[in-house]
Amino acid sequence: MRCVQLESHSLLVTRKVDHPRYLGVLRWALYVIATWSFAWTIYRAFLNVEIENNEGWNAYFADAAMGKMPLYPSADQLITNNYPPLSFYIVGLVGRLIGDPVLAGRLLSLVAAVAIAMAIALSVRRLGGSGVAARISGAFFVATMSRFFMPYVGMNEPQLLAEAIMAFGFLWFLIARSNDRGYVGPVLVMALAGSVKHNIIAMPVTVFLWLALYRRREAVKCFCVAAIAIIAGTTICYALFGGNFFLNILSPRHYSLKRVLRSFDELEWVSVGLVACLYNAWACRRDVNVQLCSWLIAIALGSYFLQKGGAGMDINAQFDLVIAVAMGLGLAFTQVSLWPIARRLGSEQAQAILLLAVCVRLLASKQLQPVRLVFDSSFRNEIAMRERAMTDSVERVRRIPGDVTCGRDMLVNYRAGKPFVVDAFNAEQRILAGALPKDAIAARVAAGTLTIVEVDPRTHWSR
């Protein structure tokens, strides 16, 4: 039995989705996992600990956007800003309103996670998924991010903010596709997302692929508009920041095939959803909506492997894939009754098995903080200990005269009010590329103009 894109069939599947009680129980189990896991990231956002070492780095440059230092440093400095500028202005402005750019970035990340879930759910509906499937997709995204990508949910880092803008741009494209007009607007939104974080490529590439295959005139028009937007944005950046903008954005990064091969292990986090999407892509290969979603998944997978080859690339390289798999899971849930493997089962039983597999995988995680926070008093004591360690470390660094670097744990340095003088990771990459002398940091230490401080590891929230 093959999938066909018929409205009546879609309505029939939708009506059959949510009758049995056991299926409702499994749906609610997924919703509870998502809510309970996300609640921990909200709680953690207000703790005085460092979630990831990028937080201090982003806080310094948010201050820079507000005029405290150059947003794009000169080549002779030991700090580098290889992000586009827009996120720093957004976080900096919100930080001024609430008094803390770190908390501002964390709150924006939390809001962005919810916004992405909404965009995913609405996109599933546009792709022909049922209302229940749309809610499942959104919950799957929140649960997966909060369980397996927890450090980035509620962290002062612009990745999720950019993903949210891009996801709504993709949703707008799906609306334009339904109406067969208005493709330029979504492309401009996607270009805007790129000025927040520039490593999100799966959704715009998928859009341009579809346009090139089915709407060639629109593809040419949208390509021209995107090119103009990018050139205009780059020109504005050059006018504001000069040549240092290019020196920073194009700073060297070491790549390795070994990192790509090691990155296969991290696909386990989306494994159940990914397998369901791949099977649905084969079973319903004639469905144009499934084809589009399959392209998105394939391109996101390729983008993930491409990025993971770079030094310092973290789990955020997989976010495009998580979004794509969440959308694909909604279509798979809607169409599971049409799978050859599910012919001997009823529609509800097949959907229940899929949901059960998703829930079991989500629960099979070492991230037990949401449970421990409620039931483990020693964990609550550990949180208090970590906050005291942060306070004590900040005070110790504040008392040290002159410039200080705390390695990659820059939040202590930032909280202590010390200037940003060493970006350990990017300085190391520039040294490896020959853009800085090998003793660039050691020379400053030897000259007595820089102090290296070992930070209490308890200030950093380990994964």
# chains A, B, ... in the order shown; residues from 1 in each chain; ligands from 1
>>> residues_around(residues="stretch 281-297 of chain A", least_positions_apart="4", cutoff="8 Å", atoms="only C-alpha atoms", output="list in words")
Arg2, Cys3, Val4, Gln5, Leu127, Gly128, Ala202, Met203, Thr206, Trp210, Cys277, Leu301, Leu321, Ala324, Val325, Met327, Gly328, Leu331, Leu338, Trp339 and Pro340 of chain A
>>> residues_around(residues="A:Val153", least_positions_apart="2", cutoff="12 Å", atoms="only C-alpha atoms", output="count of residues only")
43
>>> atom_distance(atom1="atom CA of A:Gln429", atom2="atom CA of A:Lys68")
25.5 Å
>>> closest_residue(among="A:Ala424, A:Leu93, A:Ile228, A:Leu373", to="A:Trp36", atoms="only C-alpha atoms")
A:Leu373
>>> residues_around(residues="A:Ala193", least_positions_apart="3", cutoff="8 Å", atoms="only C-alpha atoms", output="number ranges by chain")
A: 162-163, 165-166, 189-190, 196-198
>>> residues_around(residues="A:Phe264", least_positions_apart="4", cutoff="10 Å", atoms="only C-alpha atoms", output="list in words")
Arg259, Val260, Glu268, Tyr304, Phe305 and Lys308 of chain A
>>> select_by_dssp(residues="stretch 135-375 of chain A", states="helix (DSSP H, G or I)", output="JSON, numbers by chain")
{"A": [135, 136, 137, 138, 139, 140, 141, 142, 143, 144, 145, 146, 147, 148, 150, 151, 152, 159, 160, 161, 162, 163, 164, 165, 166, 167, 168, 169, 170, 171, 172, 173, 174, 175, 176, 177, 178, 179, 184, 185, 186, 187, 188, 189, 190, 191, 192, 193, 194, 202, 203, 204, 205, 206, 207, 208, 209, 210, 211, 212, 213, 214, 216, 217, 218, 219, 220, 221, 222, 223, 224, 225, 226, 227, 228, 229, 230, 231, 232, 233, 234, 235, 236, 237, 238, 239, 240, 241, 244, 245, 246, 247, 248, 249, 257, 258, 259, 260, 261, 262, 263, 264, 265, 266, 267, 268, 269, 270, 271, 272, 273, 274, 275, 276, 277, 278, 279, 280, 281, 282, 283, 288, 289, 290, 291, 292, 293, 294, 295, 296, 297, 298, 299, 300, 301, 302, 303, 304, 305, 306, 307, 308, 315, 316, 317, 318, 319, 320, 321, 322, 323, 324, 325, 326, 327, 328, 329, 330, 331, 332, 333, 334, 335, 336, 337, 338, 340, 341, 342, 347, 348, 349, 350, 351, 352, 353, 354, 355, 356, 357, 358, 359, 360, 361, 362, 363, 369, 370, 371, 372, 373, 374, 375]}
>>> closest_residue(among="A:Leu47, A:Leu192, A:Cys222, A:Ile33", to="A:Leu368", atoms="only C-alpha atoms")
A:Ile33
>>> residues_around(residues="A:Tyr83", least_positions_apart="2", cutoff="7 Å", atoms="only C-alpha atoms", output="list in words")
Asn81, Pro85, Lys197 and Ile249 of chain A
>>> residues_around(residues="stretch 23-28 of chain A", least_positions_apart="3", cutoff="7 Å", atoms="only C-alpha atoms", output="PyMOL selection string")
chain A and resi 18+20+31-32+348+352+355-356
>>> closest_residue(among="A:Gly233, A:Pro401, A:Gly56, A:Gly417", to="A:Pro101", atoms="only C-alpha atoms")
A:Gly56
>>> closest_residue(among="A:Val272, A:Ala164, A:Met313, A:Leu450", to="A:Val358", atoms="only C-alpha atoms")
A:Val272
>>> closest_residue(among="A:Asn248, A:Thr391, A:Ser378, A:Gln367", to="A:Asp76", atoms="only C-alpha atoms")
A:Asn248
>>> atom_distance(atom1="atom CA of A:Glu395", atom2="atom CA of A:Ala416")
6.6 Å
>>> atom_distance(atom1="atom CA of A:Ala232", atom2="atom CA of A:Val184")
16.0 Å
>>> select_by_dssp(residues="stretch 329-454 of chain A", states="strand (DSSP E)", output="list in words")
Val404, Thr405, Thr451 and Ile452 of chain A
>>> closest_residue(among="A:Gly169, A:Gly273, A:Pro437, A:Gly138", to="A:Ala332", atoms="only C-alpha atoms")
A:Gly273
>>> decode(residues="stretch 108-128 of chain A", atoms="N, CA, C and O atoms", output="short mmCIF file (atom, residue, chain, number, x, y, z; two decimals), in the first residue's frame")
data_model
loop_
_atom_site.label_atom_id
_atom_site.label_comp_id
_atom_site.auth_asym_id
_atom_site.auth_seq_id
_atom_site.Cartn_x
_atom_site.Cartn_y
_atom_site.Cartn_z
N LEU A 108 16.42 33.94 26.90
CA LEU A 108 16.16 33.91 25.46
C LEU A 108 16.29 32.50 24.91
O LEU A 108 15.51 32.09 24.04
N SER A 109 17.22 31.73 25.44
CA SER A 109 17.39 30.34 25.01
C SER A 109 16.17 29.50 25.37
O SER A 109 15.70 28.69 24.57
N LEU A 110 15.63 29.71 26.58
CA LEU A 110 14.44 28.97 27.01
C LEU A 110 13.23 29.32 26.15
O LEU A 110 12.49 28.43 25.70
N VAL A 111 13.04 30.62 25.91
CA VAL A 111 11.93 31.05 25.07
C VAL A 111 12.09 30.49 23.65
O VAL A 111 11.11 30.04 23.02
N ALA A 112 13.33 30.48 23.17
CA ALA A 112 13.58 29.97 21.82
C ALA A 112 13.25 28.49 21.71
O ALA A 112 12.72 28.03 20.69
N ALA A 113 13.56 27.71 22.75
CA ALA A 113 13.26 26.27 22.72
C ALA A 113 11.76 26.04 22.57
O ALA A 113 11.32 25.17 21.79
N VAL A 114 10.97 26.79 23.32
CA VAL A 114 9.51 26.68 23.22
C VAL A 114 9.03 27.13 21.84
O VAL A 114 8.16 26.51 21.22
N ALA A 115 9.62 28.21 21.34
CA ALA A 115 9.23 28.73 20.02
C ALA A 115 9.53 27.71 18.92
O ALA A 115 8.73 27.53 17.99
N ILE A 116 10.68 27.04 19.01
CA ILE A 116 11.01 26.03 18.02
C ILE A 116 10.00 24.89 18.05
O ILE A 116 9.56 24.40 17.00
N ALA A 117 9.62 24.46 19.26
CA ALA A 117 8.62 23.40 19.38
C ALA A 117 7.30 23.80 18.72
O ALA A 117 6.66 22.99 18.04
N MET A 118 6.91 25.06 18.89
CA MET A 118 5.69 25.56 18.26
C MET A 118 5.83 25.56 16.74
O MET A 118 4.92 25.14 16.02
N ALA A 119 6.99 26.02 16.24
CA ALA A 119 7.21 26.05 14.79
C ALA A 119 7.20 24.64 14.21
O ALA A 119 6.68 24.42 13.11
N ILE A 120 7.77 23.69 14.94
CA ILE A 120 7.77 22.30 14.49
C ILE A 120 6.34 21.78 14.40
O ILE A 120 5.95 21.16 13.40
N ALA A 121 5.54 22.01 15.45
CA ALA A 121 4.16 21.52 15.46
C ALA A 121 3.36 22.12 14.30
O ALA A 121 2.62 21.41 13.61
N LEU A 122 3.50 23.42 14.09
CA LEU A 122 2.77 24.06 13.00
C LEU A 122 3.26 23.59 11.63
O LEU A 122 2.48 23.46 10.69
N SER A 123 4.56 23.29 11.53
CA SER A 123 5.10 22.77 10.28
C SER A 123 4.57 21.38 9.98
O SER A 123 4.28 21.05 8.82
N VAL A 124 4.44 20.55 11.01
CA VAL A 124 3.89 19.21 10.83
C VAL A 124 2.47 19.29 10.29
O VAL A 124 2.08 18.52 9.39
N ARG A 125 1.69 20.22 10.80
CA ARG A 125 0.32 20.40 10.30
C ARG A 125 0.35 20.81 8.83
O ARG A 125 -0.45 20.32 8.02
N ARG A 126 1.26 21.72 8.48
CA ARG A 126 1.37 22.16 7.09
C ARG A 126 1.82 21.02 6.16
O ARG A 126 1.51 21.02 4.98
N LEU A 127 2.56 20.07 6.71
CA LEU A 127 3.05 18.95 5.92
C LEU A 127 2.05 17.79 5.86
O LEU A 127 2.36 16.74 5.31
N GLY A 128 0.87 17.99 6.45
CA GLY A 128 -0.17 16.98 6.37
C GLY A 128 -0.31 16.11 7.59
O GLY A 128 -1.10 15.16 7.59
#
